[in-house]
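*Asks:* Okay, so here is data.txt, and as you'll see once you scroll down, it has compact mmCIF, C-alpha atoms and all ligand atoms.
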```txt
# COMPACT_ATOMS: atom_id res chain seq x y z
CA MET A 1 39.91 20.56 3.91
CA ALA A 2 37.32 19.06 6.22
CA GLY A 3 37.13 15.27 6.57
CA LYS A 4 39.54 12.75 7.90
CA ARG A 5 41.86 10.22 6.40
CA VAL A 6 40.59 6.65 6.09
CA THR A 7 42.54 3.44 5.80
CA GLY A 8 42.48 0.95 2.95
CA GLY A 9 41.80 -2.77 3.32
CA ASP A 10 45.45 -3.39 4.21
CA GLY A 11 45.36 -0.82 7.05
CA ARG A 12 47.48 1.80 5.23
CA GLU A 13 46.32 5.40 5.03
CA GLU A 14 45.14 6.35 1.54
CA ASP A 15 45.82 9.75 0.03
CA GLY A 16 42.75 11.62 -1.10
CA ALA A 17 40.14 9.23 0.32
CA MET A 18 38.07 11.51 2.55
CA VAL A 19 34.83 11.00 4.45
CA GLY A 20 32.46 13.49 6.05
CA LEU A 21 32.15 15.60 2.90
CA PRO A 22 28.74 16.56 1.54
CA SER A 23 27.81 14.61 -1.57
CA LEU A 24 28.58 16.33 -4.83
CA ASP A 25 25.89 18.47 -6.45
CA LEU A 26 24.18 16.20 -8.98
CA SER A 27 24.53 18.77 -11.75
CA LEU A 28 28.29 18.44 -11.32
CA ALA A 29 28.36 14.71 -10.63
CA PHE A 30 26.25 13.72 -13.62
CA PRO A 31 25.47 16.77 -15.75
CA GLN A 32 24.21 14.77 -18.74
CA ALA A 33 20.99 13.65 -17.01
CA THR A 34 17.95 15.61 -15.96
CA PRO A 35 17.39 15.37 -12.20
CA ALA A 36 13.93 14.56 -10.86
CA SER A 37 13.46 18.15 -9.67
CA ILE A 38 13.27 19.35 -13.31
CA PHE A 39 10.48 17.52 -15.04
CA PRO A 40 11.12 17.13 -18.79
CA PRO A 41 8.37 18.35 -21.14
CA SER A 42 6.23 15.79 -22.93
CA ALA A 43 7.87 16.14 -26.34
CA SER A 44 7.18 12.90 -28.17
CA ASP A 45 4.00 11.48 -29.66
CA TYR A 46 5.29 8.65 -31.86
CA TYR A 47 1.85 7.20 -32.54
CA GLN A 48 0.21 10.58 -33.17
CA PHE A 49 -2.08 9.88 -30.30
CA ASP A 50 -2.93 13.58 -30.11
CA ASP A 51 -4.87 13.39 -33.37
CA LEU A 52 -7.24 10.84 -31.85
CA LEU A 53 -8.28 13.04 -28.93
CA THR A 54 -11.24 15.40 -28.88
CA SER A 55 -10.65 19.00 -27.84
CA GLU A 56 -12.20 18.25 -24.41
CA GLU A 57 -9.85 15.31 -23.94
CA ARG A 58 -6.87 17.47 -24.93
CA SER A 59 -7.91 20.21 -22.60
CA ILE A 60 -8.32 17.91 -19.57
CA ARG A 61 -4.94 16.40 -20.37
CA GLU A 62 -3.31 19.85 -20.39
CA LYS A 63 -4.99 20.73 -17.11
CA VAL A 64 -3.82 17.53 -15.40
CA ARG A 65 -0.34 17.86 -16.90
CA GLY A 66 -0.02 21.43 -15.67
CA ILE A 67 -1.04 20.70 -12.07
CA VAL A 68 0.89 17.46 -11.70
CA GLU A 69 4.08 18.91 -13.18
CA LYS A 70 3.78 22.01 -10.99
CA GLU A 71 2.59 20.49 -7.71
CA ILE A 72 3.81 16.88 -7.65
CA ALA A 73 7.02 16.76 -9.72
CA PRO A 74 9.04 19.12 -7.49
CA ILE A 75 8.24 17.21 -4.29
CA MET A 76 7.89 13.61 -5.40
CA ALA A 77 11.51 12.46 -5.02
CA ALA A 78 11.64 13.73 -1.43
CA TYR A 79 8.30 12.16 -0.47
CA TRP A 80 9.21 8.94 -2.27
CA GLU A 81 12.46 8.78 -0.31
CA LYS A 82 10.63 9.42 2.99
CA ALA A 83 7.86 6.97 2.01
CA GLU A 84 5.29 9.59 3.00
CA PHE A 85 2.16 10.76 1.24
CA PRO A 86 1.99 14.50 0.43
CA PHE A 87 -1.37 15.20 2.04
CA HIS A 88 -1.04 18.92 1.35
CA ALA A 89 -1.27 18.13 -2.39
CA ILE A 90 -4.76 16.57 -2.14
CA PRO A 91 -6.59 19.91 -2.65
CA LYS A 92 -4.48 20.51 -5.79
CA LEU A 93 -5.46 17.09 -7.13
CA ALA A 94 -9.07 17.85 -6.15
CA SER A 95 -8.96 21.03 -8.24
CA LEU A 96 -8.57 18.82 -11.33
CA SER A 97 -12.10 17.41 -10.81
CA VAL A 98 -11.11 13.99 -12.15
CA ALA A 99 -11.93 11.77 -9.14
CA GLY A 100 -14.84 9.58 -10.12
CA GLY A 101 -13.63 9.46 -13.75
CA THR A 102 -16.44 8.14 -15.92
CA ILE A 103 -19.11 8.17 -13.20
CA LYS A 104 -22.03 10.42 -14.11
CA GLY A 105 -23.91 12.44 -11.48
CA TYR A 106 -23.30 12.60 -7.71
CA GLY A 107 -20.78 15.41 -8.26
CA CYS A 108 -18.57 13.16 -10.42
CA PRO A 109 -17.00 14.41 -13.64
CA GLY A 110 -18.62 11.94 -16.07
CA LEU A 111 -15.55 11.85 -18.31
CA SER A 112 -15.36 9.76 -21.48
CA ILE A 113 -13.41 6.51 -21.05
CA THR A 114 -10.60 8.03 -23.12
CA ALA A 115 -10.51 11.25 -21.07
CA SER A 116 -10.42 9.23 -17.87
CA ALA A 117 -7.57 7.07 -19.21
CA VAL A 118 -5.69 10.15 -20.40
CA THR A 119 -5.87 11.75 -16.95
CA MET A 120 -4.47 8.62 -15.33
CA ALA A 121 -1.72 8.39 -17.96
CA GLU A 122 -0.75 12.03 -17.37
CA MET A 123 -0.50 11.49 -13.64
CA ALA A 124 1.47 8.29 -14.07
CA ARG A 125 3.81 10.04 -16.50
CA VAL A 126 4.92 12.29 -13.65
CA ASP A 127 4.49 10.01 -10.67
CA ALA A 128 3.11 6.47 -10.40
CA SER A 129 2.41 6.83 -6.66
CA CYS A 130 0.14 9.78 -7.41
CA SER A 131 -1.70 7.91 -10.17
CA THR A 132 -2.02 4.85 -7.91
CA PHE A 133 -3.52 7.00 -5.16
CA ILE A 134 -6.18 8.26 -7.59
CA LEU A 135 -6.65 4.82 -9.17
CA VAL A 136 -7.45 3.20 -5.81
CA HIS A 137 -9.66 6.08 -4.70
CA SER A 138 -11.49 6.63 -7.95
CA SER A 139 -11.38 3.53 -10.16
CA LEU A 140 -11.66 1.01 -7.33
CA ALA A 141 -13.50 2.55 -4.35
CA MET A 142 -15.73 5.08 -6.15
CA VAL A 143 -16.50 2.92 -9.17
CA THR A 144 -17.48 0.00 -6.92
CA ILE A 145 -19.90 2.24 -5.02
CA ALA A 146 -21.24 3.65 -8.30
CA LEU A 147 -21.73 0.20 -9.87
CA CYS A 148 -22.77 -1.84 -6.84
CA GLY A 149 -24.12 0.68 -4.35
CA SER A 150 -27.73 1.62 -3.64
CA GLU A 151 -29.04 5.03 -4.67
CA ALA A 152 -28.78 6.19 -1.05
CA GLN A 153 -25.16 4.99 -0.79
CA LYS A 154 -24.21 6.82 -4.01
CA GLN A 155 -25.77 10.01 -2.76
CA LYS A 156 -24.17 9.66 0.63
CA TYR A 157 -20.59 8.76 -0.35
CA LEU A 158 -19.80 9.82 -3.92
CA PRO A 159 -20.01 13.65 -3.71
CA SER A 160 -17.34 14.06 -1.02
CA LEU A 161 -15.16 11.36 -2.63
CA ALA A 162 -15.42 13.25 -5.94
CA GLN A 163 -14.21 16.41 -4.22
CA LEU A 164 -11.48 14.48 -2.43
CA THR A 165 -12.67 15.85 0.89
CA THR A 166 -12.94 12.17 1.81
CA VAL A 167 -10.56 9.47 0.54
CA GLY A 168 -11.45 5.89 -0.36
CA CYS A 169 -9.67 2.56 -0.42
CA TRP A 170 -10.61 -0.86 -1.74
CA ALA A 171 -9.84 -3.97 0.27
CA LEU A 172 -9.83 -7.32 -1.49
CA THR A 173 -6.38 -8.91 -1.03
CA GLU A 174 -5.62 -10.95 2.08
CA PRO A 175 -2.34 -12.29 3.44
CA ASN A 176 -2.96 -15.73 1.93
CA TYR A 177 -5.25 -14.74 -0.93
CA GLY A 178 -3.80 -12.37 -3.51
CA SER A 179 -4.04 -13.89 -6.98
CA ASP A 180 -6.62 -16.29 -5.62
CA ALA A 181 -8.62 -13.51 -3.99
CA SER A 182 -11.92 -15.18 -4.81
CA SER A 183 -11.11 -17.70 -2.05
CA LEU A 184 -10.79 -14.93 0.52
CA ARG A 185 -11.52 -15.74 4.17
CA THR A 186 -12.65 -12.45 5.72
CA THR A 187 -16.20 -13.07 6.90
CA ALA A 188 -19.35 -11.02 7.19
CA THR A 189 -21.73 -12.45 9.78
CA LYS A 190 -25.30 -11.19 10.15
CA ALA A 191 -25.89 -9.29 13.37
CA PRO A 192 -28.91 -7.26 14.58
CA GLY A 193 -29.16 -4.20 12.30
CA GLY A 194 -26.11 -5.06 10.23
CA TRP A 195 -23.02 -7.22 9.91
CA HIS A 196 -19.86 -8.12 11.77
CA ILE A 197 -16.68 -8.22 9.69
CA ASP A 198 -13.82 -10.40 10.89
CA GLY A 199 -10.52 -11.10 9.18
CA GLN A 200 -7.47 -9.52 7.64
CA LYS A 201 -6.55 -7.62 4.46
CA ARG A 202 -3.10 -6.88 3.09
CA TRP A 203 -1.58 -4.32 0.73
CA ILE A 204 -4.58 -2.01 0.77
CA GLY A 205 -3.60 1.33 -0.78
CA ASN A 206 -4.68 4.50 1.10
CA SER A 207 -6.03 2.33 3.95
CA THR A 208 -3.97 3.93 6.72
CA PHE A 209 -5.89 7.19 6.33
CA ALA A 210 -8.95 6.42 4.17
CA ASP A 211 -12.32 7.72 5.34
CA VAL A 212 -14.28 5.16 3.33
CA LEU A 213 -13.13 1.54 3.07
CA VAL A 214 -14.83 -0.66 0.47
CA VAL A 215 -14.33 -4.17 1.83
CA LEU A 216 -14.95 -7.53 0.16
CA ALA A 217 -15.90 -10.29 2.58
CA ARG A 218 -17.50 -13.74 2.49
CA ASN A 219 -21.06 -13.96 3.70
CA ALA A 220 -20.88 -16.53 6.50
CA ASP A 221 -24.36 -17.86 5.63
CA THR A 222 -24.37 -17.97 1.83
CA GLN A 223 -20.59 -18.19 1.24
CA GLN A 224 -21.02 -15.56 -1.51
CA LEU A 225 -18.70 -12.57 -1.77
CA ASN A 226 -20.36 -9.44 -0.42
CA GLY A 227 -19.19 -5.83 -0.34
CA PHE A 228 -19.37 -3.41 2.59
CA ILE A 229 -18.58 0.22 3.24
CA VAL A 230 -16.60 0.52 6.46
CA ARG A 231 -16.05 3.95 7.97
CA LYS A 232 -12.73 5.22 9.29
CA GLY A 233 -12.45 4.77 13.06
CA ALA A 234 -15.02 1.94 13.27
CA PRO A 235 -14.41 0.04 16.54
CA GLY A 236 -12.36 -3.12 15.90
CA LEU A 237 -10.75 -1.72 12.71
CA LYS A 238 -6.97 -1.34 12.64
CA ALA A 239 -4.82 -0.42 9.64
CA THR A 240 -1.01 -0.50 9.87
CA LYS A 241 1.35 0.89 7.27
CA ILE A 242 3.48 -1.60 5.32
CA GLU A 243 7.06 -0.31 5.57
CA ASN A 244 10.20 -0.81 3.46
CA LYS A 245 8.62 -0.93 0.00
CA ILE A 246 11.04 -0.60 -2.92
CA GLY A 247 8.48 1.05 -5.20
CA LEU A 248 5.40 3.32 -5.09
CA ARG A 249 6.80 4.53 -1.80
CA MET A 250 4.44 7.49 -1.52
CA VAL A 251 1.43 5.17 -1.58
CA GLN A 252 0.42 4.17 1.94
CA ASN A 253 -0.31 0.47 1.73
CA GLY A 254 -1.74 -1.09 4.84
CA ASP A 255 -2.38 -4.34 6.63
CA ILE A 256 -5.93 -4.20 8.00
CA VAL A 257 -7.33 -6.25 10.85
CA PHE A 258 -11.10 -6.48 11.34
CA ASN A 259 -12.15 -7.62 14.76
CA MET A 260 -15.97 -7.78 14.89
CA VAL A 261 -16.24 -4.51 12.99
CA PHE A 262 -19.93 -3.59 12.87
CA VAL A 263 -21.30 -2.37 9.54
CA PRO A 264 -24.92 -1.19 9.48
CA GLU A 265 -27.21 -2.86 6.94
CA GLU A 266 -27.44 0.42 5.01
CA ASP A 267 -23.68 0.15 4.28
CA ARG A 268 -23.76 -3.28 2.65
CA LEU A 269 -23.26 -2.87 -1.10
CA PRO A 270 -26.29 -4.63 -2.61
CA GLY A 271 -24.73 -5.21 -6.02
CA ILE A 272 -21.79 -7.45 -5.06
CA THR A 273 -22.25 -11.22 -5.09
CA SER A 274 -19.02 -12.13 -6.94
CA PHE A 275 -16.26 -10.31 -8.78
CA GLN A 276 -14.60 -10.50 -12.18
CA ASP A 277 -10.95 -10.33 -13.10
CA ILE A 278 -9.40 -7.75 -15.37
CA SER A 279 -6.52 -7.98 -17.75
CA LYS A 280 -3.49 -5.69 -18.03
CA ALA A 281 -0.63 -8.12 -18.68
CA TRP A 282 0.86 -6.78 -21.90
CA ASN A 283 1.01 -3.12 -20.84
CA SER A 284 2.75 -3.82 -17.57
CA ARG A 285 5.24 -6.19 -19.20
CA MET A 286 6.19 -3.62 -21.86
CA ALA A 287 6.38 -0.82 -19.28
CA ARG A 288 8.66 -2.95 -17.12
CA GLU A 289 10.92 -3.60 -20.10
CA VAL A 290 11.04 0.11 -21.03
CA VAL A 291 11.96 1.37 -17.56
CA SER A 292 14.52 -1.41 -17.21
CA LEU A 293 16.22 -0.32 -20.46
CA GLY A 294 16.05 3.30 -19.33
CA ARG A 295 17.70 2.47 -16.05
CA GLU A 296 20.40 0.54 -17.88
CA LEU A 297 21.09 3.49 -20.22
CA LEU A 298 22.09 5.64 -17.26
CA GLY A 299 24.58 3.08 -16.01
CA GLY A 300 25.34 3.42 -12.31
CA ASN A 301 23.47 6.71 -12.09
CA GLY A 302 20.41 4.76 -13.16
CA ILE A 303 20.02 3.40 -9.63
CA LEU A 304 19.78 6.87 -8.03
CA ALA A 305 16.29 8.04 -7.12
CA ASP A 306 17.52 11.54 -8.02
CA PHE A 307 16.86 10.62 -11.63
CA LEU A 308 13.35 9.96 -12.85
CA VAL A 309 14.15 6.71 -14.58
CA ALA A 310 15.34 5.00 -11.39
CA LYS A 311 12.15 5.95 -9.59
CA ALA A 312 10.06 4.73 -12.55
CA PHE A 313 12.08 1.49 -12.55
CA CYS A 314 11.27 0.86 -8.87
CA ASP A 315 7.63 1.94 -9.22
CA LEU A 316 7.00 -0.48 -12.07
CA GLU A 317 7.74 -3.54 -9.93
CA PRO A 318 4.62 -3.26 -7.75
CA ILE A 319 2.55 -2.16 -10.77
CA TYR A 320 3.61 -5.37 -12.53
CA SER A 321 2.08 -7.34 -9.64
CA TYR A 322 -0.92 -5.37 -8.41
CA GLU A 323 -4.38 -5.55 -9.95
CA GLY A 324 -3.47 -9.10 -10.93
CA THR A 325 0.06 -10.32 -11.50
CA TYR A 326 1.40 -10.72 -15.05
CA ASP A 327 0.92 -14.49 -14.94
CA ILE A 328 -2.61 -14.32 -13.61
CA ASN A 329 -3.67 -11.70 -16.15
CA SER A 330 -2.17 -13.82 -18.94
CA LEU A 331 -4.03 -16.88 -17.68
CA VAL A 332 -7.28 -14.90 -17.42
CA THR A 333 -6.79 -13.62 -20.97
CA GLY A 334 -6.14 -17.19 -22.11
CA ARG A 335 -9.36 -18.30 -20.45
CA GLU A 336 -11.29 -15.50 -22.17
CA ILE A 337 -9.94 -16.51 -25.58
CA THR A 338 -10.11 -20.30 -25.29
CA GLY A 339 -12.83 -20.81 -22.70
CA ILE A 340 -10.38 -23.10 -20.88
CA ALA A 341 -9.14 -22.15 -17.42
CA SER A 342 -5.68 -23.65 -16.97
CA PHE A 343 -5.37 -22.37 -13.42
CA LYS A 344 -8.59 -23.40 -11.70
CA PRO A 345 -11.09 -26.24 -11.78
CA ALA A 346 -13.37 -25.61 -14.77
CA ALA A 347 -16.51 -25.47 -12.62
CA LEU A 348 -15.15 -22.58 -10.61
CA ALA A 349 -13.86 -20.80 -13.69
CA LYS A 350 -17.28 -21.09 -15.27
CA ALA A 351 -18.87 -19.46 -12.25
CA ARG A 352 -16.22 -16.72 -12.63
CA LEU A 353 -15.74 -16.57 -8.92
C1 LIG B 1 1.86 -1.62 -4.16
C2 LIG B 1 0.67 -2.53 -4.11
C3 LIG B 1 -0.60 -1.99 -3.99
C4 LIG B 1 -1.72 -2.83 -3.85
N1 LIG B 1 -2.95 -2.26 -3.62
C5 LIG B 1 -4.01 -3.08 -3.37
C6 LIG B 1 -5.28 -2.51 -3.00
O1 LIG B 1 -5.45 -1.29 -2.92
N2 LIG B 1 -6.31 -3.36 -2.73
C7 LIG B 1 -6.17 -4.72 -2.80
O2 LIG B 1 -7.14 -5.42 -2.54
N3 LIG B 1 -4.97 -5.28 -3.14
C8 LIG B 1 -3.89 -4.50 -3.42
N4 LIG B 1 -2.67 -5.05 -3.74
C9 LIG B 1 -2.52 -6.50 -3.76
C10 LIG B 1 -2.26 -7.07 -5.15
O3 LIG B 1 -3.42 -7.04 -5.93
C11 LIG B 1 -1.67 -8.47 -4.95
O4 LIG B 1 -0.35 -8.29 -4.46
C12 LIG B 1 -1.65 -9.26 -6.24
O5 LIG B 1 -2.96 -9.65 -6.60
C13 LIG B 1 -0.79 -10.52 -6.11
O6 LIG B 1 -1.11 -11.25 -4.98
P1 LIG B 1 0.03 -11.74 -3.99
O7 LIG B 1 0.89 -10.58 -3.67
O8 LIG B 1 -0.63 -12.47 -2.86
O9 LIG B 1 0.92 -12.74 -4.83
P2 LIG B 1 0.62 -14.29 -5.10
O10 LIG B 1 -0.80 -14.48 -5.53
O11 LIG B 1 1.07 -15.08 -3.93
O12 LIG B 1 1.55 -14.57 -6.35
C14 LIG B 1 2.93 -14.90 -6.23
C15 LIG B 1 3.41 -15.41 -7.59
O13 LIG B 1 2.72 -16.62 -7.93
C16 LIG B 1 2.11 -16.50 -9.20
N5 LIG B 1 0.85 -17.26 -9.18
C17 LIG B 1 -0.12 -17.21 -8.23
N6 LIG B 1 -1.13 -18.05 -8.53
C18 LIG B 1 -0.80 -18.64 -9.73
C19 LIG B 1 -1.45 -19.60 -10.58
N7 LIG B 1 -2.64 -20.12 -10.28
N8 LIG B 1 -0.80 -19.95 -11.71
C20 LIG B 1 0.41 -19.43 -12.03
N9 LIG B 1 1.07 -18.52 -11.26
C21 LIG B 1 0.46 -18.14 -10.14
C22 LIG B 1 1.87 -15.01 -9.41
O14 LIG B 1 1.78 -14.67 -10.78
C23 LIG B 1 3.12 -14.43 -8.74
O15 LIG B 1 4.18 -14.41 -9.64
C24 LIG B 1 -1.55 -4.23 -3.90
C25 LIG B 1 -0.27 -4.77 -4.07
C26 LIG B 1 0.83 -3.95 -4.16
C27 LIG B 1 2.20 -4.57 -4.29
```
Show me, as structure tokens, the structure contained in the file I just sent.
Ligand SMILES: Cc1cc2nc3c(=O)[nH]c(=O)nc-3n(C[C@H](O)[C@H](O)[C@H](O)COP(=O)(O)OP(=O)(O)OC[C@H]3O[C@@H](n4cnc5c(N)ncnc54)[C@H](O)[C@@H]3O)c2cc1C

*Replies:*
Amino acid sequence: MAGKRVTGGDGREEDGAMVGLPSLDLSLAFPQATPASIFPPSASDYYQFDDLLTSEERSIREKVRGIVEKEIAPIMAAYWEKAEFPFHAIPKLASLSVAGGTIKGYGCPGLSITASAVTMAEMARVDASCSTFILVHSSLAMVTIALCGSEAQKQKYLPSLAQLTTVGCWALTEPNYGSDASSLRTTATKAPGGWHIDGQKRWIGNSTFADVLVVLARNADTQQLNGFIVRKGAPGLKATKIENKIGLRMVQNGDIVFNMVFVPEEDRLPGITSFQDISKAWNSRMAREVVSLGRELLGGNGILADFLVAKAFCDLEPIYSYEGTYDINSLVTGREITGIASFKPAALAKARL
């Protein structure tokens, strides 16, 4: 047999303890569990959710399910392990025509809110990195342009984003301003014909390769929050990949530095003068509990990325914290219900900055 003898802690040679052997085939090592390479069918519908969907919503769900199971499931464990994004899969995701979600016109699909949610849920069911990629691109970058952009900006940017021939990202968070993002320090200073952006962003999904960066910055004159569309390759713009993540490893999160990045006036988003929080606390708490129990059920094998539940367990950690941490979303919900902000001076809370 190949391999050499190793010694125990006391220095004695141990019979049978060999190194240098390939690891055991998972189907032999843990035959009870389904490895990540075989994606299990969606077999349960405890709340009879199906009955609530229209035929269009069902059909888009089947389409998304089919593509994501066929194109993403077989490769996701390997790309997750390498912490790389599967760029070759973008045209397959584009073929679903779901980028842009509920946006109407400009080449966007104009889905119902339910259909849009169903497509995201289907992607997340297979791979949370894949759904996060689309979420950032579509629900953050594209929706911001659709809601806050000028007619010319919508016509210029949305069609190629909808086809995924260009990719978007959305840059709000800064190294010192995550939960308290409304205090952000990145500045936009008026310059002839446009603006200069200076500052730093952190954690920005897709930013290492995005063509279109939607950036929130503080107007140096008015102190209001303004939004800008920054193009890939703009002089003074540098995005660096954040390494060593324990979850959503396929998503390319970046640190961005803006050093006098010029944005022409036509790329300032006219509709942004502040921003509002959103709430997702309960869902992410329950999801975290479910994947934690699932991981526990598999015992030691539950920590191997070869099994879907371990990957889901790791992916839920960043999801629990992004788009507002659990605590912040709970506090925001509390403020909505009671009208009392327990986490900020009332005057600021009232202004909803
Ligand atoms: C994988 C990933 C992807 C992301 N993608 C993007 C992106 O595309 N674009 C973008 O702009 N951002 C993105 N983010 C950033 C994300 O939104 C922030 O990480 C999040 O808002 C939390 O901010 P923080 O990390 O600075 O944590 P902090 O705000 O420092 O929070 C640390 C802890 O303190 C608690 N806390 C903070 N303030 C209070 C308070 N007032 N009261 C009680 N508790 C409080 C929080 O709940 C948390 O538990 C991403 C993050 C991750 C991890």

*Asks:* Within 6 Å of ligand LIG 1 (chain B), which residues show up when you count all atoms listed in the file? List them as a list in words, please.

*Replies:*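 So, counting all atoms listed in the file, the residues near ligand LIG 1 (chain B) are Val136, Trp170, Ala171, Leu172, Thr173, Tyr177, Gly178, Ser179, Trp203, Ile204, Gly205, Pro318, Ser321, Tyr322, Glu323, Gly324, Thr325, Tyr326, Asp327, Ile328 and Phe343 of chain A.
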
*Asks:* Please provide the set of residues having any atom within 10 Å of region 98-101 of chain A, restricted to all atoms listed in the file, with same-chain residues fewer than 5 positions apart removed, written as JSON, numbers by chain.

*Replies:* {"A": [60, 64, 93, 106, 107, 108, 109, 110, 111, 112, 113, 114, 115, 116, 117, 119, 120, 134, 135, 137, 138, 139, 140, 141, 142, 143, 146, 158, 159, 161, 162, 163, 164]}

*Asks:* Point out the residue among A:Asp306, A:Leu293, A:Glu151, A:Thr333 with the least atom-to-atom distance to Ile75 (chain A), counting all atoms listed in the file.

*Replies:*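 Of the candidates, the smallest distance to Ile75 (chain A) is held by A:Asp306.
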
*Asks:* Considering all atoms listed in the file, return as a ChimeraX atom specification whatever protein or nucleic-acid residues lie within 12 Å of Lys82 (chain A), sequence-local ones (same chain, fewer than 3 positions apart) excluded.

*Replies:* /A:75-79,85-86,243-252,305

*Asks:* Please write as an mmCIF file with C-alpha atoms, in the frame of the given file the list of polymer residues whose atoms come within 8 Å of (-8.2, 3.6, 2.5), counting all atoms listed in the file and keeping to the coordinates of the file.

*Replies:*
```
data_model
loop_
_atom_site.group_PDB
_atom_site.id
_atom_site.type_symbol
_atom_site.label_atom_id
_atom_site.label_comp_id
_atom_site.auth_asym_id
_atom_site.auth_seq_id
_atom_site.Cartn_x
_atom_site.Cartn_y
_atom_site.Cartn_z
ATOM 1 C CA HIS A 137 -9.660 6.080 -4.700
ATOM 2 C CA VAL A 167 -10.560 9.470 0.540
ATOM 3 C CA GLY A 168 -11.450 5.890 -0.360
ATOM 4 C CA CYS A 169 -9.670 2.560 -0.420
ATOM 5 C CA TRP A 170 -10.610 -0.860 -1.740
ATOM 6 C CA ILE A 204 -4.580 -2.010 0.770
ATOM 7 C CA GLY A 205 -3.600 1.330 -0.780
ATOM 8 C CA ASN A 206 -4.680 4.500 1.100
ATOM 9 C CA SER A 207 -6.030 2.330 3.950
ATOM 10 C CA THR A 208 -3.970 3.930 6.720
ATOM 11 C CA PHE A 209 -5.890 7.190 6.330
ATOM 12 C CA ALA A 210 -8.950 6.420 4.170
ATOM 13 C CA ASP A 211 -12.320 7.720 5.340
ATOM 14 C CA VAL A 212 -14.280 5.160 3.330
ATOM 15 C CA LEU A 213 -13.130 1.540 3.070
#
```

*Asks:* Report as a VMD selection string all protein, DNA and RNA residues lying within 12 Å of Ala33 (chain A), evaluated on all atoms listed in the file, omitting residues in the same chain fewer than 4 positions from it.

*Replies:* chain A and resid 26 to 29 37 to 40 294 to 295 297 to 299 301 to 302 304 306 to 310

*Asks:* Which residues come within 7 Å of Glu174 (chain A), counting only C-alpha atoms, excluding same-chain residues fewer than 6 positions away, as a list of chain:residue names?

*Replies:*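 Near Glu174 (chain A), the qualifying residues are A:Leu184, A:Gln200, A:Lys201, A:Arg202.
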
*Asks:* Would you mind writing region 94-108 of chain A with N, CA and C atoms, as an mmCIF file, in the frame of the given file?

*Replies:*
```cif
data_model
loop_
_atom_site.group_PDB
_atom_site.id
_atom_site.type_symbol
_atom_site.label_atom_id
_atom_site.label_comp_id
_atom_site.auth_asym_id
_atom_site.auth_seq_id
_atom_site.Cartn_x
_atom_site.Cartn_y
_atom_site.Cartn_z
ATOM 1 N N ALA A 94 -7.615 17.672 -6.136
ATOM 2 C CA ALA A 94 -9.070 17.850 -6.150
ATOM 3 C C ALA A 94 -9.475 18.906 -7.170
ATOM 4 N N SER A 95 -8.610 19.929 -7.332
ATOM 5 C CA SER A 95 -8.960 21.030 -8.240
ATOM 6 C C SER A 95 -9.036 20.557 -9.699
ATOM 7 N N LEU A 96 -8.504 19.361 -9.971
ATOM 8 C CA LEU A 96 -8.570 18.820 -11.330
ATOM 9 C C LEU A 96 -9.957 18.270 -11.668
ATOM 10 N N SER A 97 -10.756 17.999 -10.619
ATOM 11 C CA SER A 97 -12.100 17.410 -10.810
ATOM 12 C C SER A 97 -12.049 16.165 -11.697
ATOM 13 N N VAL A 98 -11.169 15.238 -11.370
ATOM 14 C CA VAL A 98 -11.110 13.990 -12.150
ATOM 15 C C VAL A 98 -11.482 12.767 -11.308
ATOM 16 N N ALA A 99 -11.576 12.933 -9.969
ATOM 17 C CA ALA A 99 -11.930 11.770 -9.140
ATOM 18 C C ALA A 99 -13.359 11.357 -9.452
ATOM 19 N N GLY A 100 -13.520 10.079 -9.691
ATOM 20 C CA GLY A 100 -14.840 9.580 -10.120
ATOM 21 C C GLY A 100 -14.840 9.280 -11.606
ATOM 22 N N GLY A 101 -13.841 9.795 -12.323
ATOM 23 C CA GLY A 101 -13.630 9.460 -13.750
ATOM 24 C C GLY A 101 -14.889 9.463 -14.596
ATOM 25 N N THR A 102 -15.309 8.267 -14.977
ATOM 26 C CA THR A 102 -16.440 8.140 -15.920
ATOM 27 C C THR A 102 -17.808 8.171 -15.235
ATOM 28 N N ILE A 103 -17.805 8.211 -13.904
ATOM 29 C CA ILE A 103 -19.110 8.170 -13.200
ATOM 30 C C ILE A 103 -19.900 9.452 -13.502
ATOM 31 N N LYS A 104 -21.166 9.265 -13.808
ATOM 32 C CA LYS A 104 -22.030 10.420 -14.110
ATOM 33 C C LYS A 104 -22.904 10.738 -12.893
ATOM 34 N N GLY A 105 -23.070 12.022 -12.605
ATOM 35 C CA GLY A 105 -23.910 12.440 -11.480
ATOM 36 C C GLY A 105 -23.165 12.340 -10.160
ATOM 37 N N TYR A 106 -23.842 12.670 -9.073
ATOM 38 C CA TYR A 106 -23.300 12.600 -7.710
ATOM 39 C C TYR A 106 -22.030 13.453 -7.563
ATOM 40 N N GLY A 107 -21.943 14.521 -8.330
ATOM 41 C CA GLY A 107 -20.780 15.410 -8.260
ATOM 42 C C GLY A 107 -19.556 14.869 -8.983
ATOM 43 N N CYS A 108 -19.726 13.774 -9.713
ATOM 44 C CA CYS A 108 -18.570 13.160 -10.420
ATOM 45 C C CYS A 108 -18.439 13.755 -11.812
#
```
